[in-house]
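One file, upload12.cif, is given below (mmCIF, C-alpha atoms).
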data_entry
#
loop_
_atom_site.label_atom_id
_atom_site.label_comp_id
_atom_site.auth_asym_id
_atom_site.auth_seq_id
_atom_site.Cartn_x
_atom_site.Cartn_y
_atom_site.Cartn_z
CA MET G 11 55.92 -19.60 -101.02
CA SER G 12 59.09 -17.49 -101.39
CA ARG G 13 59.15 -13.81 -100.41
CA ASN G 14 59.22 -12.65 -104.05
CA ALA G 15 56.36 -14.97 -105.00
CA ARG G 16 54.33 -13.60 -102.06
CA ARG G 17 54.97 -10.03 -103.24
CA VAL G 18 53.92 -10.81 -106.83
CA PHE G 19 50.81 -12.64 -105.60
CA GLY G 20 49.92 -9.71 -103.31
CA GLY G 21 50.45 -7.20 -106.14
CA VAL G 22 48.24 -9.18 -108.56
CA THR G 23 45.58 -9.44 -105.83
CA LEU G 24 45.55 -5.65 -105.31
CA VAL G 25 45.29 -5.01 -109.08
CA LEU G 26 42.39 -7.49 -109.41
CA LEU G 27 40.63 -5.91 -106.41
CA ALA G 28 40.97 -2.47 -108.03
CA ILE G 29 39.56 -3.79 -111.36
CA THR G 30 36.70 -5.44 -109.43
CA ALA G 31 35.88 -2.12 -107.73
CA VAL G 32 35.77 -0.28 -111.08
CA LEU G 33 33.56 -2.97 -112.66
CA ALA G 34 31.28 -3.19 -109.62
CA LEU G 35 30.77 0.55 -109.12
CA TRP G 36 30.91 2.00 -112.65
CA VAL G 37 30.86 -0.56 -115.48
CA SER G 38 28.24 -3.05 -114.25
CA PRO G 39 24.65 -1.82 -114.80
CA ALA G 40 22.16 -1.14 -112.02
CA ASP G 41 19.49 -3.78 -111.45
CA LYS G 42 16.10 -2.94 -112.98
CA GLU G 43 14.27 -3.68 -109.71
CA GLN G 44 16.86 -3.06 -106.95
CA GLY G 45 18.69 -0.16 -108.57
CA ASP G 46 22.27 0.47 -107.38
CA ALA G 47 21.75 -1.32 -104.04
CA MET G 48 22.37 -4.50 -106.04
CA ARG G 49 26.05 -3.48 -106.30
CA LEU G 50 26.42 -4.73 -102.71
CA LEU G 51 26.12 -8.24 -104.21
CA TYR G 52 29.72 -7.94 -105.47
CA LEU G 53 30.93 -7.75 -101.86
CA HIS G 54 28.25 -9.76 -100.07
CA VAL G 55 28.66 -12.96 -102.16
CA PRO G 56 32.51 -13.15 -102.00
CA THR G 57 32.53 -12.49 -98.24
CA ALA G 58 29.91 -15.24 -97.78
CA TRP G 59 31.96 -17.63 -99.94
CA LEU G 60 35.10 -16.81 -97.93
CA ALA G 61 33.32 -17.46 -94.64
CA TYR G 62 32.56 -20.98 -95.91
CA LEU G 63 36.07 -21.48 -97.33
CA ALA G 64 37.89 -20.15 -94.25
CA PHE G 65 35.93 -22.35 -91.85
CA PHE G 66 36.38 -25.35 -94.16
CA VAL G 67 40.17 -24.78 -94.07
CA THR G 68 39.97 -24.49 -90.27
CA ALA G 69 38.05 -27.77 -90.04
CA LEU G 70 40.40 -29.57 -92.47
CA ALA G 71 43.55 -28.34 -90.68
CA SER G 72 41.98 -29.35 -87.34
CA ALA G 73 41.26 -32.85 -88.65
CA LEU G 74 44.87 -33.12 -89.88
CA TRP G 75 46.09 -32.06 -86.43
CA LEU G 76 43.89 -34.65 -84.72
CA TRP G 77 45.11 -37.50 -86.94
CA PRO G 78 48.32 -38.76 -85.29
CA ARG G 79 50.12 -39.44 -88.62
CA THR G 80 49.79 -35.84 -89.82
CA ARG G 81 49.90 -34.06 -86.45
CA SER G 82 51.93 -30.86 -86.69
CA THR G 83 51.77 -27.49 -84.91
CA THR G 84 51.51 -25.85 -88.35
CA TRP G 85 48.02 -27.38 -88.87
CA ASP G 86 46.86 -25.95 -85.55
CA LEU G 87 48.30 -22.52 -86.38
CA LEU G 88 46.75 -22.61 -89.88
CA ALA G 89 43.36 -23.48 -88.34
CA GLY G 90 43.64 -20.44 -86.05
CA ALA G 91 44.83 -18.12 -88.86
CA SER G 92 42.03 -19.16 -91.21
CA ALA G 93 39.39 -18.85 -88.46
CA GLU G 94 40.51 -15.30 -87.65
CA VAL G 95 40.29 -14.22 -91.31
CA GLY G 96 36.98 -16.10 -91.60
CA VAL G 97 35.52 -14.18 -88.65
CA LEU G 98 36.52 -10.92 -90.34
CA PHE G 99 34.75 -11.91 -93.58
CA THR G 100 31.69 -13.26 -91.73
CA GLY G 101 31.35 -9.97 -89.85
CA LEU G 102 31.63 -8.06 -93.13
CA MET G 103 29.07 -10.37 -94.75
CA LEU G 104 26.56 -9.71 -91.95
CA MET G 105 27.16 -5.94 -92.14
CA LEU G 106 26.78 -5.91 -95.96
CA GLY G 107 23.63 -8.03 -95.80
CA SER G 108 22.13 -5.64 -93.29
CA LEU G 109 22.98 -2.61 -95.46
CA TRP G 110 21.45 -4.35 -98.48
CA GLY G 111 18.37 -5.54 -96.58
CA ARG G 112 17.38 -2.07 -95.34
CA PRO G 113 16.49 -0.56 -98.76
CA ILE G 114 15.28 -3.83 -100.36
CA TRP G 115 13.45 -5.62 -97.52
CA GLY G 116 12.74 -2.51 -95.45
CA THR G 117 14.54 -3.90 -92.39
CA TRP G 118 18.10 -3.97 -91.05
CA TRP G 119 17.65 -7.41 -89.51
CA GLU G 120 15.14 -10.24 -89.54
CA TRP G 121 15.31 -13.40 -87.42
CA ASP G 122 14.94 -15.67 -90.42
CA ALA G 123 16.81 -18.96 -90.84
CA ARG G 124 19.68 -17.69 -93.05
CA LEU G 125 20.44 -14.59 -91.00
CA THR G 126 20.11 -16.35 -87.63
CA THR G 127 22.29 -19.35 -88.55
CA THR G 128 24.91 -16.95 -89.98
CA ALA G 129 24.93 -14.92 -86.76
CA VAL G 130 25.34 -18.21 -84.83
CA LEU G 131 28.28 -19.08 -87.13
CA PHE G 132 29.93 -15.71 -86.41
CA PHE G 133 29.64 -16.16 -82.64
CA LEU G 134 30.74 -19.83 -82.78
CA TYR G 135 34.03 -18.82 -84.42
CA LEU G 136 34.47 -15.82 -82.12
CA GLY G 137 34.20 -18.37 -79.30
CA TYR G 138 36.72 -20.59 -81.09
CA LEU G 139 39.21 -17.68 -81.24
CA ALA G 140 38.64 -17.00 -77.53
CA LEU G 141 39.20 -20.71 -76.78
CA ARG G 142 42.59 -20.55 -78.53
CA ARG G 143 43.76 -18.10 -75.87
CA THR G 144 42.80 -20.23 -72.87
CA ALA G 145 45.18 -23.20 -73.23
CA ASP G 146 48.46 -23.42 -71.29
CA THR G 147 50.35 -25.53 -73.83
CA SER G 148 50.25 -25.84 -77.62
CA GLU G 149 49.24 -29.52 -77.24
CA GLN G 150 46.28 -28.59 -75.05
CA ARG G 151 45.30 -25.77 -77.42
CA GLY G 152 45.56 -28.03 -80.47
CA LYS G 153 43.31 -30.73 -78.99
CA ARG G 154 40.63 -28.43 -77.56
CA CYS G 155 40.46 -26.20 -80.62
CA ALA G 156 40.50 -29.00 -83.20
CA ILE G 157 37.45 -30.62 -81.59
CA ALA G 158 35.69 -27.24 -81.26
CA ALA G 159 36.42 -26.36 -84.91
CA LEU G 160 34.95 -29.64 -86.18
CA ILE G 161 31.79 -29.14 -84.08
CA ALA G 162 31.44 -25.49 -85.18
CA PHE G 163 31.81 -26.43 -88.86
CA ALA G 164 28.52 -28.36 -88.65
CA ASP G 165 26.80 -24.94 -88.85
CA VAL G 166 28.24 -24.18 -92.32
CA PRO G 167 25.98 -26.57 -94.32
CA ILE G 168 23.04 -25.50 -92.14
CA VAL G 169 23.72 -21.85 -93.15
CA HIS G 170 24.04 -22.77 -96.83
CA PHE G 171 20.93 -24.96 -97.10
CA SER G 172 18.80 -22.89 -94.70
CA VAL G 173 17.20 -21.02 -97.64
CA ASN G 174 16.13 -24.36 -99.17
CA TRP G 175 15.04 -26.08 -95.96
CA TRP G 176 12.96 -23.23 -94.50
CA GLN G 177 10.83 -20.34 -95.77
CA THR G 178 13.15 -17.35 -95.50
CA LEU G 179 13.17 -13.69 -96.41
CA HIS G 180 16.64 -14.28 -97.86
CA GLN G 181 16.67 -15.36 -101.51
CA THR G 182 17.99 -18.76 -102.65
CA GLY G 183 21.48 -18.95 -104.20
CA THR G 184 22.16 -16.86 -107.30
CA VAL G 185 24.61 -19.48 -108.62
CA PHE G 186 24.58 -22.44 -106.22
CA ASN G 187 20.83 -23.12 -105.99
CA PRO G 188 19.22 -26.62 -106.02
CA LYS G 189 18.65 -26.52 -109.82
CA LEU G 190 22.10 -24.98 -110.48
CA ASP G 191 20.19 -22.37 -112.48
CA VAL G 192 22.57 -19.39 -112.72
CA GLN G 193 20.47 -16.24 -112.27
CA ILE G 194 23.08 -13.66 -113.25
CA HIS G 195 24.47 -12.96 -116.73
CA GLY G 196 26.68 -10.69 -118.85
CA THR G 197 28.74 -7.95 -117.19
CA MET G 198 27.12 -8.66 -113.83
CA ALA G 199 28.24 -12.32 -113.97
CA VAL G 200 31.80 -11.37 -115.02
CA THR G 201 32.02 -8.82 -112.19
CA LEU G 202 30.74 -11.34 -109.66
CA LEU G 203 33.21 -13.98 -110.86
CA LEU G 204 36.12 -11.53 -110.69
CA SER G 205 35.11 -10.33 -107.23
CA VAL G 206 34.99 -13.93 -105.95
CA LEU G 207 38.44 -14.61 -107.49
CA SER G 208 40.10 -11.42 -106.18
CA PHE G 209 38.63 -11.83 -102.68
CA THR G 210 39.75 -15.48 -102.60
CA MET G 211 43.29 -14.34 -103.44
CA LEU G 212 43.02 -11.73 -100.67
CA TYR G 213 41.98 -14.51 -98.26
CA VAL G 214 45.09 -16.51 -99.26
CA CYS G 215 47.36 -13.45 -98.69
CA LEU G 216 45.84 -12.63 -95.28
CA THR G 217 45.79 -16.24 -94.06
CA LEU G 218 49.40 -16.95 -95.09
CA SER G 219 50.56 -13.70 -93.41
CA ARG G 220 48.58 -14.55 -90.25
CA LEU G 221 50.08 -18.06 -90.26
CA ARG G 222 53.61 -16.63 -90.60
CA LEU G 223 52.94 -14.28 -87.66
CA ALA G 224 51.60 -17.15 -85.53
CA GLU G 225 54.70 -19.26 -86.33
CA LEU G 226 57.04 -16.42 -85.36
CA GLU G 227 55.15 -15.78 -82.11
CA GLU G 228 55.08 -19.51 -81.30
CA GLY G 229 58.86 -19.68 -81.87
CA ARG G 230 59.46 -16.66 -79.62
CA GLU G 231 57.31 -18.15 -76.83
CA GLN G 232 59.23 -21.43 -77.14
CA ARG G 233 62.59 -19.61 -76.89
CA GLU G 234 61.39 -17.63 -73.84
CA LEU G 235 60.19 -20.85 -72.17
CA GLU G 236 63.52 -22.63 -72.81
CA LEU G 237 65.42 -19.62 -71.44
CA ALA G 238 63.25 -19.49 -68.29
CA ILE G 239 63.78 -23.26 -67.70
CA ALA G 240 67.57 -22.86 -68.15
CA GLU G 241 67.65 -19.94 -65.67
CA ARG G 242 65.60 -21.91 -63.14
CA ILE G 243 67.92 -24.93 -63.39
CA ALA G 244 70.96 -22.68 -63.06
CA ALA G 245 69.49 -21.01 -59.95
CA GLU G 246 68.66 -24.36 -58.27
CA HIS G 247 71.95 -26.08 -59.13
CA PRO G 248 74.69 -23.45 -59.08
CA GLU G 249 78.02 -24.67 -60.47
CA PRO G 250 80.65 -25.17 -57.71
CA ALA G 251 83.37 -22.53 -57.57
CA VAL G 252 86.59 -23.69 -59.22
CA THR G 253 89.61 -23.47 -56.91
CA VAL G 254 93.14 -23.54 -58.23
CA MET E 25 13.37 3.34 -108.78
CA ASP E 26 15.40 4.50 -105.78
CA HIS E 27 19.13 4.12 -106.43
CA ASN E 28 20.28 3.88 -102.77
CA TRP E 29 23.85 5.02 -103.41
CA GLY E 30 24.22 5.85 -99.70
CA TYR E 31 23.95 2.18 -98.70
CA VAL E 32 26.37 1.18 -101.47
CA ALA E 33 28.90 3.81 -100.36
CA ALA E 34 28.57 2.70 -96.72
CA GLY E 35 29.08 -0.98 -97.67
CA TYR E 36 32.13 -0.38 -99.86
CA GLY E 37 33.56 2.17 -97.40
CA ILE E 38 33.22 0.00 -94.29
CA THR E 39 34.57 -3.09 -96.12
CA THR E 40 37.60 -1.18 -97.43
CA GLY E 41 38.22 0.38 -94.01
CA ALA E 42 37.97 -2.93 -92.13
CA LEU E 43 40.31 -4.71 -94.57
CA LEU E 44 42.83 -1.85 -94.43
CA VAL E 45 42.79 -1.79 -90.62
CA TYR E 46 43.21 -5.59 -90.36
CA GLY E 47 45.85 -5.70 -93.13
CA GLY E 48 47.77 -2.81 -91.54
CA TRP E 49 47.63 -4.38 -88.08
CA LEU E 50 48.83 -7.70 -89.51
CA TRP E 51 51.64 -6.13 -91.55
CA ASN E 52 52.85 -4.13 -88.54
CA ARG E 53 52.80 -7.13 -86.15
CA LEU E 54 54.52 -9.32 -88.75
CA ARG E 55 57.27 -6.74 -89.32
CA ARG E 56 57.91 -6.47 -85.56
CA ALA E 57 57.89 -10.26 -85.08
CA GLN E 58 60.36 -10.73 -87.96
CA GLN E 59 62.60 -8.04 -86.46
CA SER E 60 62.40 -9.70 -83.04
CA ALA E 61 63.25 -13.13 -84.54
CA THR E 62 66.26 -11.65 -86.38
CA ASP E 63 67.51 -9.96 -83.17
CA GLY E 64 67.09 -13.22 -81.21
CA ASP E 65 69.23 -15.25 -83.64
#
Show me this structure written as structure tokens.
Amino acid sequence: MSRNARRVFGGVTLVLLAITAVLALWVSPADKEQGDAMRLLYLHVPTAWLAYLAFFVTALASALWLWPRTRSTTWDLLAGASAEVGVLFTGLMLMLGSLWGRPIWGTWWEWDARLTTTAVLFFLYLGYLALRRTADTSEQRGKRCAIAALIAFADVPIVHFSVNWWQTLHQTGTVFNPKLDVQIHGTMAVTLLLSVLSFTMLYVCLTLSRLRLAELEEGREQRELELAIAERIAAEHPEPAVTV
Amino acid sequence: MDHNWGYVAAGYGITTGALLVYGGWLWNRLRRAQQSATDGD
């Protein structure tokens, strides 16, 4: 994506986020049972969706790195960038769920299947980000982290289907439930759709920027390494003095 | 029906704050890395 295209995309994202905020806080009606607390849905659902999407991108990029035909440092860096943004959205999702649960369920936290598996997901990817910092070479980092990302991704379907597999305090999906029976309509549905779209665009902006940063830092580290090797060789094998 | 605007304000406020802090940190680091790459060329 060219610099101008990135700017236009970022600008459209900001405008859509602003429209989403107006719709979510002022235009969309309060829920007849939950009151205004329901407005947290317009942040909680997109952050949950982005946690899934970000970790799916991490897993896909990791698989592409592991496959010899498509192996490229870019896949490893994209996996790391997407995981970092995914951890941010997962943390926000947990915080928003807790803020929503307090007035509706009467508790900040409950060790039910959905909440527990989501907390596990958050800590799995925090561990993944820590693992990225432990490797000495990019090859070592790519291999370790690709395997870890594929193992960690196994928790994503467990999180999603936990509300169907076990009795939980958390409700089943508003849109993606087993019967695909959409339980939101009118202005509320439009607002939810727009919030998912604008947050997905924000995810794209943040991940591409994080990837660009990782590529620049990787290039700088490579240049510093090459310089250090050249200095070491020069120190060990000094050129003989030229006599005339 | 209790409207619970306090929880809504906290949720929207913390989300906006966290995204601004992360976006600002990223933008700043990216700007410095681009500058450093240009100087190194």
Check every residue of chain G for an atom within 6 Å of chain E, counting all atoms listed in the file, and provide those that qualify as a PDB file with C-alpha atoms, keeping the file's coordinate frame.
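After the write, out34.pdb holds the following:
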ATOM      1  CA  GLY G  45      18.690  -0.160-108.570  1.00  0.00           C
ATOM      2  CA  ASP G  46      22.270   0.470-107.380  1.00  0.00           C
ATOM      3  CA  ALA G  47      21.750  -1.320-104.040  1.00  0.00           C
ATOM      4  CA  LEU G 106      26.780  -5.910 -95.960  1.00  0.00           C
ATOM      5  CA  LEU G 109      22.980  -2.610 -95.460  1.00  0.00           C
ATOM      6  CA  LEU G 223      52.940 -14.280 -87.660  1.00  0.00           C
TER       7      LEU G 223
END
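In this model, the gap between atom CA of Asn52 of chain E and atom CA of Ala15 of chain G comes to 20.0 Å.
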To one decimal place in Å, what is the distance between atom CA of Gln177 of chain G and atom CA of Ala129 of chain G? 17.6 Å
To verify the selection step, state as a list in words which residues the PyMOL selection byres ((chain G and resi 38) around 12) yields on this input. Ile29, Thr30, Ala31, Val32, Leu33, Ala34, Leu35, Trp36, Val37, Pro39, Ala40, Asp41, Gly45, Asp46, Met48, Arg49, Leu50, Leu51, Tyr52, Ile194, His195, Gly196, Thr197, Met198, Ala199, Val200, Thr201 and Leu202 of chain G
For atom CA of Arg151 of chain G and atom CA of His170 of chain G, the interatomic separation in Å (one decimal):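 Between atom CA of Arg151 of chain G and atom CA of His170 of chain G the gap is 28.9 Å.
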Report as a PyMOL selection string all protein, DNA and RNA residues lying within 7 Å of Arg220 of chain G, evaluated on all atoms listed in the file, omitting residues in the same chain fewer than 4 positions from it. (chain G and resi 91+216+224) or (chain E and resi 50)
